[in-house]
Structures are given as structure tokens and as C-alpha cells.
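Pasted below: model_8.cif, mmCIF, C-alpha atoms.
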```
data_start
#
loop_
_atom_site.label_atom_id
_atom_site.label_comp_id
_atom_site.auth_asym_id
_atom_site.auth_seq_id
_atom_site.Cartn_x
_atom_site.Cartn_y
_atom_site.Cartn_z
CA ASN Z 1 -28.31 -6.95 11.58
CA ALA Z 2 -26.44 -10.18 10.77
CA GLY Z 3 -24.50 -8.84 7.74
CA VAL Z 4 -23.46 -11.65 5.40
CA THR Z 5 -24.32 -15.20 6.45
CA GLN Z 6 -22.96 -18.30 4.76
CA THR Z 7 -24.21 -21.86 5.15
CA PRO Z 8 -22.88 -24.43 5.69
CA LYS Z 9 -19.63 -23.60 7.51
CA PHE Z 10 -17.99 -26.95 6.74
CA ARG Z 11 -18.71 -29.72 4.27
CA VAL Z 12 -16.97 -32.83 3.01
CA LEU Z 13 -17.99 -34.20 -0.37
CA LYS Z 14 -16.98 -37.14 -2.49
CA THR Z 15 -15.80 -36.58 -6.05
CA GLY Z 16 -18.77 -36.28 -8.37
CA GLN Z 17 -21.27 -35.19 -5.74
CA SER Z 18 -23.14 -31.91 -6.05
CA MET Z 19 -23.97 -29.27 -3.49
CA THR Z 20 -25.13 -25.70 -3.08
CA LEU Z 21 -23.60 -23.03 -0.86
CA LEU Z 22 -25.97 -20.36 0.36
CA CYS Z 23 -25.15 -16.71 0.99
CA ALA Z 24 -27.62 -14.30 2.52
CA GLN Z 25 -27.21 -10.59 3.27
CA ASP Z 26 -29.56 -8.27 5.12
CA MET Z 27 -27.97 -4.94 4.15
CA ASN Z 28 -29.92 -4.44 0.90
CA HIS Z 29 -26.69 -4.50 -1.09
CA GLU Z 30 -26.87 -4.66 -4.86
CA TYR Z 31 -23.61 -6.44 -5.56
CA MET Z 32 -22.78 -9.93 -4.35
CA TYR Z 33 -19.68 -12.03 -5.00
CA TRP Z 34 -18.34 -15.53 -4.56
CA TYR Z 35 -14.61 -16.02 -3.99
CA ARG Z 36 -12.42 -19.00 -3.36
CA GLN Z 37 -9.34 -18.70 -1.18
CA ASP Z 38 -6.42 -21.07 -1.58
CA PRO Z 39 -3.02 -20.80 0.17
CA GLY Z 40 -0.82 -18.19 -1.48
CA MET Z 41 -3.44 -17.34 -4.10
CA GLY Z 42 -5.38 -14.59 -2.38
CA LEU Z 43 -9.07 -14.19 -3.13
CA ARG Z 44 -10.11 -15.26 -6.61
CA LEU Z 45 -13.48 -14.23 -7.97
CA ILE Z 46 -15.69 -17.10 -9.14
CA HIS Z 47 -18.94 -15.34 -10.08
CA TYR Z 48 -20.66 -12.13 -9.15
CA SER Z 49 -24.04 -10.47 -9.42
CA VAL Z 50 -24.91 -6.82 -9.97
CA GLY Z 51 -28.51 -7.25 -8.92
CA GLU Z 52 -31.47 -9.60 -8.59
CA GLY Z 53 -31.76 -11.92 -11.57
CA THR Z 54 -28.28 -11.16 -12.94
CA THR Z 55 -25.01 -13.10 -12.74
CA ALA Z 56 -21.61 -12.84 -14.43
CA LYS Z 57 -18.41 -14.84 -14.60
CA GLY Z 58 -15.34 -13.92 -12.64
CA GLU Z 59 -11.75 -15.08 -12.88
CA VAL Z 60 -12.29 -18.80 -12.13
CA PRO Z 61 -15.90 -19.75 -13.06
CA ASP Z 62 -15.37 -23.25 -14.48
CA GLY Z 63 -17.15 -25.99 -12.54
CA TYR Z 64 -19.46 -23.57 -10.70
CA ASN Z 65 -22.90 -22.13 -11.31
CA VAL Z 66 -24.72 -19.36 -9.47
CA SER Z 67 -28.18 -17.95 -9.11
CA ARG Z 68 -29.65 -14.80 -7.62
CA LEU Z 69 -33.39 -15.19 -7.59
CA LYS Z 70 -33.79 -12.83 -4.63
CA LYS Z 71 -31.76 -9.70 -3.92
CA GLN Z 72 -30.67 -10.93 -0.52
CA ASN Z 73 -29.53 -14.42 -1.59
CA PHE Z 74 -26.70 -15.61 -3.81
CA LEU Z 75 -26.27 -19.35 -4.34
CA LEU Z 76 -23.12 -21.11 -5.51
CA GLY Z 77 -23.51 -24.59 -6.97
CA LEU Z 78 -21.02 -27.33 -7.68
CA GLU Z 79 -22.55 -29.72 -10.20
CA SER Z 80 -19.90 -32.44 -10.03
CA ALA Z 81 -17.35 -31.78 -7.31
CA ALA Z 82 -13.66 -32.34 -8.05
CA PRO Z 83 -10.70 -32.45 -5.62
CA SER Z 84 -9.39 -29.22 -7.22
CA GLN Z 85 -12.43 -27.46 -5.77
CA THR Z 86 -11.26 -28.11 -2.22
CA SER Z 87 -11.01 -24.59 -0.84
CA VAL Z 88 -12.44 -21.99 1.49
CA TYR Z 89 -15.32 -20.15 -0.15
CA PHE Z 90 -16.22 -16.60 0.82
CA CYS Z 91 -19.31 -14.68 -0.12
CA ALA Z 92 -19.26 -10.89 -0.06
CA SER Z 93 -21.63 -8.04 -0.77
CA SER Z 94 -21.26 -4.33 -1.38
CA PRO Z 95 -23.59 -1.37 -1.90
CA THR Z 96 -23.54 0.87 -4.94
CA LEU Z 97 -24.14 4.60 -5.00
CA GLY Z 98 -24.03 5.16 -8.74
CA SER Z 99 -21.23 7.69 -9.10
CA ARG Z 100 -17.65 7.35 -10.32
CA TYR Z 101 -16.27 7.75 -6.80
CA SER Z 102 -18.84 5.54 -5.16
CA ASN Z 103 -16.95 2.26 -4.81
CA GLN Z 104 -17.65 0.87 -1.37
CA PRO Z 105 -15.88 -1.80 0.68
CA GLN Z 106 -17.03 -5.38 0.57
CA HIS Z 107 -18.61 -7.15 3.52
CA PHE Z 108 -17.58 -10.79 3.81
CA GLY Z 109 -19.25 -13.80 5.31
CA ASP Z 110 -17.44 -16.21 7.63
CA GLY Z 111 -16.61 -18.63 4.84
CA THR Z 112 -17.38 -22.24 3.99
CA ARG Z 113 -14.57 -24.76 4.27
CA LEU Z 114 -15.17 -27.39 1.57
CA SER Z 115 -13.19 -30.60 1.18
CA ILE Z 116 -13.60 -32.87 -1.83
CA LEU Z 117 -12.30 -36.41 -1.38
CA GLY U 1 -7.90 -6.50 -16.91
CA GLU U 2 -6.46 -5.11 -13.69
CA ASN U 3 -3.33 -6.76 -12.23
CA VAL U 4 -2.31 -6.23 -8.61
CA GLU U 5 1.07 -7.22 -7.24
CA GLN U 6 1.57 -7.30 -3.46
CA HIS U 7 4.89 -7.47 -1.60
CA PRO U 8 6.23 -8.92 0.54
CA SER U 9 4.37 -12.21 0.86
CA THR U 10 5.64 -12.61 4.43
CA LEU U 11 6.76 -9.91 6.86
CA SER U 12 8.18 -10.60 10.30
CA VAL U 13 8.73 -7.74 12.76
CA GLN U 14 9.34 -7.19 16.45
CA GLU U 15 6.62 -5.67 18.57
CA GLY U 16 6.85 -1.90 18.40
CA ASP U 17 8.46 -1.84 14.95
CA SER U 18 6.76 -0.41 11.87
CA ALA U 19 5.50 -2.56 8.99
CA VAL U 20 5.02 -1.53 5.38
CA ILE U 21 3.20 -3.51 2.70
CA LYS U 22 3.25 -2.32 -0.90
CA CYS U 23 0.91 -2.98 -3.81
CA THR U 24 1.19 -1.98 -7.45
CA TYR U 25 -1.69 -1.89 -9.94
CA SER U 26 -1.89 -1.69 -13.70
CA ASP U 27 -5.21 -0.03 -14.61
CA SER U 28 -4.94 3.77 -14.63
CA ALA U 29 -8.75 3.93 -14.30
CA SER U 30 -8.62 2.36 -10.83
CA ASN U 31 -9.79 4.80 -8.20
CA TYR U 32 -10.61 2.85 -5.05
CA PHE U 33 -8.04 0.98 -2.97
CA PRO U 34 -9.19 -0.89 0.16
CA TRP U 35 -7.07 -2.90 2.57
CA TYR U 36 -8.45 -5.95 4.37
CA LYS U 37 -7.15 -7.78 7.42
CA GLN U 38 -7.83 -11.48 7.79
CA GLU U 39 -7.05 -13.15 11.08
CA LEU U 40 -6.52 -16.90 11.10
CA GLY U 41 -9.77 -18.71 10.38
CA LYS U 42 -11.74 -15.48 10.13
CA ARG U 43 -13.34 -13.39 7.41
CA PRO U 44 -11.47 -10.54 5.67
CA GLN U 45 -12.43 -7.21 7.20
CA LEU U 46 -11.81 -3.69 5.92
CA ILE U 47 -9.25 -1.77 7.95
CA ILE U 48 -8.70 1.30 5.77
CA ASP U 49 -9.34 2.48 2.23
CA ILE U 50 -8.26 5.35 0.00
CA ARG U 51 -9.69 6.94 -3.11
CA SER U 52 -7.75 8.35 -6.02
CA ASN U 53 -8.50 11.96 -5.14
CA VAL U 54 -6.54 11.59 -1.87
CA GLY U 55 -2.81 10.96 -1.41
CA GLU U 56 -2.77 9.76 2.19
CA LYS U 57 -5.19 8.65 4.87
CA LYS U 58 -4.55 7.82 8.51
CA ASP U 59 -6.50 6.01 11.20
CA GLN U 60 -4.63 5.78 14.49
CA ARG U 61 -1.68 3.41 13.95
CA ILE U 62 -2.45 2.61 10.34
CA ALA U 63 -2.04 4.75 7.24
CA VAL U 64 -2.31 4.27 3.52
CA THR U 65 -0.48 6.25 0.85
CA LEU U 66 -1.26 6.39 -2.85
CA ASN U 67 1.01 7.37 -5.73
CA LYS U 68 -1.17 7.53 -8.85
CA THR U 69 1.73 8.38 -11.14
CA ALA U 70 3.69 5.31 -10.13
CA LYS U 71 0.51 3.24 -9.67
CA HIS U 72 1.32 2.00 -6.24
CA PHE U 73 -0.20 2.24 -2.78
CA SER U 74 1.13 1.16 0.58
CA LEU U 75 -0.12 0.20 4.01
CA HIS U 76 1.86 1.49 6.98
CA ILE U 77 1.40 0.11 10.49
CA THR U 78 3.29 1.84 13.29
CA GLU U 79 3.99 0.54 16.79
CA THR U 80 3.01 -2.98 15.81
CA GLN U 81 1.38 -5.24 18.38
CA PRO U 82 0.97 -9.04 18.45
CA GLU U 83 -2.72 -8.62 17.62
CA ASP U 84 -1.68 -7.06 14.31
CA SER U 85 -0.52 -10.52 13.23
CA ALA U 86 -2.73 -11.52 10.30
CA VAL U 87 -2.87 -11.72 6.52
CA TYR U 88 -3.37 -8.35 4.85
CA PHE U 89 -4.88 -8.01 1.37
CA CYS U 90 -4.81 -4.97 -0.86
CA ALA U 91 -7.32 -4.47 -3.66
CA SER U 92 -7.75 -2.14 -6.61
CA THR U 93 -11.07 -1.23 -8.21
CA PRO U 94 -11.54 0.50 -11.57
CA GLY U 95 -13.98 3.39 -11.40
CA GLY U 96 -17.60 2.27 -11.55
CA SER U 97 -16.82 -1.42 -12.00
CA TYR U 98 -17.41 -2.50 -8.38
CA ILE U 99 -15.24 -5.54 -9.10
CA PRO U 100 -11.99 -5.33 -7.11
CA THR U 101 -8.83 -7.21 -7.98
CA PHE U 102 -7.01 -8.51 -4.91
CA GLY U 103 -3.32 -8.92 -4.22
CA ARG U 104 -2.16 -12.33 -3.06
CA GLY U 105 -1.80 -11.22 0.54
CA THR U 106 0.96 -10.52 3.06
CA SER U 107 1.32 -12.60 6.18
CA LEU U 108 2.41 -10.22 8.95
CA ILE U 109 3.93 -11.80 12.04
CA VAL U 110 4.57 -9.57 15.06
CA HIS U 111 6.88 -11.15 17.61
CA PRO U 112 6.35 -10.12 21.26
#
```
Can you give me the file's structure in the form of C-alpha cells?
Amino acid sequence: NAGVTQTPKFRVLKTGQSMTLLCAQDMNHEYMYWYRQDPGMGLRLIHYSVGEGTTAKGEVPDGYNVSRLKKQNFLLGLESAAPSQTSVYFCASSPTLGSRYSNQPQHFGDGTRLSIL
Amino acid sequence: GENVEQHPSTLSVQEGDSAVIKCTYSDSASNYFPWYKQELGKRPQLIIDIRSNVGEKKDQRIAVTLNKTAKHFSLHITETQPEDSAVYFCASTPGGSYIPTFGRGTSLIVHP
């Protein structure tokens, strides 16, 4: 049971290049999330998914796209990278149990450190 | 939407002292409050959580208290050790939304 796996772990891009970050979870969780973490800013939600084939915008979605074609995978894409997107990106997943008191903790991946030059 | 304020941003203590981190939230519908610990260069990991039908929860040296009326919850660490040094994040989740709002984090430094 690997939990949440993110690839790659590190990447350096030039401004204007595109790339895709992959997140995979083997816990059969419904919800998946992409966050960016910048110094002093905590974890800011980029996009999330409530299930296979669905995505929704979070707090800071501009410049990013996502897809969830399979329940276990959640992809984050940068179409045209900008220096402001230099950050550490975390993927997370959580199960749902369907009741009002069913919120469950999130399981995070190890992160992807992305630098845009 | 939900707004979470976390204080202090940095906390420095001597080994063996207690540490308290406080978070306030704005959405009265929030009912799930997890705390995550993130060591340097690592992933955030859940250390304790509390639900709105409980006022306090303990797990060995850590405890969390919740005051729904005042809309604040706190993390208490007793007998701190150097390995407690990390960034701690609180989060608040409105009932049924599954989308938590995080505080900005507290950097806890425990001096030997």
C-alpha cells in the first residue's frame, strides 16, 4: 500500500514550457486535491475532484488545468509555465463516508518541487 | 467562504516546555478540525483531529480543544522534545464539503 504517490519529485522548467504532474493513490479514495505551498502562505487549493470524471476550481486555479480520467489518478497541468508558479506542489486524497460527520483526514503525497526560470 | 487564522506564525520553546497553537474559523457550519505536522522537506501528516460534537481530545503528549461558541480550536503539546520541531497546520472543514481551509502554519522550534 503506497498511499499517495507523486511524480516527478523535482523539475526545472523554462518560462513558457508546459508539463504535467501526476498523482496516484491506491486507497480507493473519492476525493483528490492539488495544493501549492509557498513560504508563509500555507497550503492553497488549486483544483480538486470529487470523483472520477469530475473536477472543480479551488482558491488559486489560474494557469493550471486538471483531469481525473481514472479514480486513482489526478493530473495537474501547466500549459505555459510562469516564474510565479515556482512552488512545492502537494497532492492529497481523502475518503468519503456520506454523512454529516464523516469528514476524514487527507493523505498527502511527498510533493513535487517545481522551479520555473 | 471559510477563513482560518492561525497564531503564532513562529513559536520557540525550550525542551520540556508546553506549546500552544491557536486557530480561529469563521464558518459556523464547520465541524471537522484536523491538525497536520510537516517536518522539513516532508509531507504534511495528520497528528490529531477533533469533531464538533467533542470539546477535547488527547493523544499522549498532544491534545486539541474546541470552543464552538468562540469559533476557535487549539493544539497543545506538553513536554516538548526536539523532534516536535516542525510546521504545524490547522484546518477547518464545513460539514459535508470535504474541502478544508488551512491556516498559514506555525513553525515550532524546540531548543534542546
Return as a ChimeraX atom specification the set of residues that the PyMOL selection byres ((chain U) within 10 of (chain Z)) yields on the displayed structure.
/U:9,31-36,41-49,51-53,87-91,93-107
Would you pick out the contacts of Leu78 (chain Z) at 8 Å or less, using all atoms listed in the file, so that residues sharing its chain but fewer than 2 positions from it are not included, and give the list as a PyMOL selection string?
chain Z and resi 18-20+63-65+76+80-81
Checklist entry - For this file, the PyMOL selection byres ((chain Z and resi 6) around 7) selects which residues, as a ChimeraX atom specification? => result /Z:4-5,7-9,22-24,109-112
Hey, what comes out of the PyMOL selection byres ((chain U and resi 71) around 12) on this file? Could you write it as an MDAnalysis selection string?
chainID U and resid 2:5 22:31 33 52 55 65:70 72:74 92
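We find CA of Arg11 (chain Z) and CA of Asn73 (chain Z) to be spaced 19.6 Å apart.
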### Message
Report, in Å to a single decimal, how far apart CA of Val20 (chain U) and CA of His76 (chain U) are.
### Response
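Taking CA of His76 (chain U) as the start and CA of Val20 (chain U) as the end point, the length is 4.7 Å.
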One residue among U:Thr78, U:Gln60, U:Gln6, U:Ser85 is nearest to Glu39 (chain U) when using all atoms listed in the file, and that residue is U:Ser85
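The nearest approach to Pro61 (chain Z) among the residues Z:Phe74, Z:Thr86, Z:Tyr35, Z:Leu114, with only C-alpha atoms taken into account, belongs to Z:Tyr35.
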In terms of the shortest atom-to-atom distance over only C-alpha atoms, which of Z:Ile46, Z:Val60, Z:Ala82, Z:Leu75 is closest to Ser115 (chain Z)?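 That would be Z:Ala82, the residue with the smallest distance to Ser115 (chain Z).
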Go ahead and compute the interatomic distance for CA of Pro82 (chain U) and CA of Pro112 (chain U), in Å to one decimal.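 These atoms are spaced 6.2 Å apart.
Environment of (-1.8, 2.7, 5.5): residues at most 7 Å away, judged by all atoms listed in the file, are U:Lys57, U:Lys58, U:Ile62, U:Ala63, U:Val64, U:Thr65, U:Ser74, U:Leu75, U:His76, U:Ile77.
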If you count only C-alpha atoms, which residues fall within 6 Å of His47 (chain Z), apart from same-chain ones fewer than 4 positions away, as a PDB file with C-alpha atoms, keeping the file's coordinate frame?
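After the write, around-v4.pdb holds the following:
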```
ATOM      1  CA  TRP Z  34     -18.340 -15.530  -4.560  1.00  0.00           C
ATOM      2  CA  ALA Z  56     -21.610 -12.840 -14.430  1.00  0.00           C
ATOM      3  CA  LYS Z  57     -18.410 -14.840 -14.600  1.00  0.00           C
ATOM      4  CA  GLY Z  58     -15.340 -13.920 -12.640  1.00  0.00           C
TER       5      GLY Z  58
END
```
Edge lengths and centre, in Å to one decimal, as JSON: that's what I need for the box along x, y and z that holds all listed atoms of region 5-18 of chain U plus 3 Å on each side.
```
{"center_x": 5.2, "center_y": -6.5, "center_z": 5.7, "size_x": 14.3, "size_y": 18.2, "size_z": 31.8}
```
One residue among Z:Lys71, Z:Lys14, Z:His29, Z:Arg36 is nearest to Thr54 (chain Z) when using only C-alpha atoms, and that residue is Z:Lys71
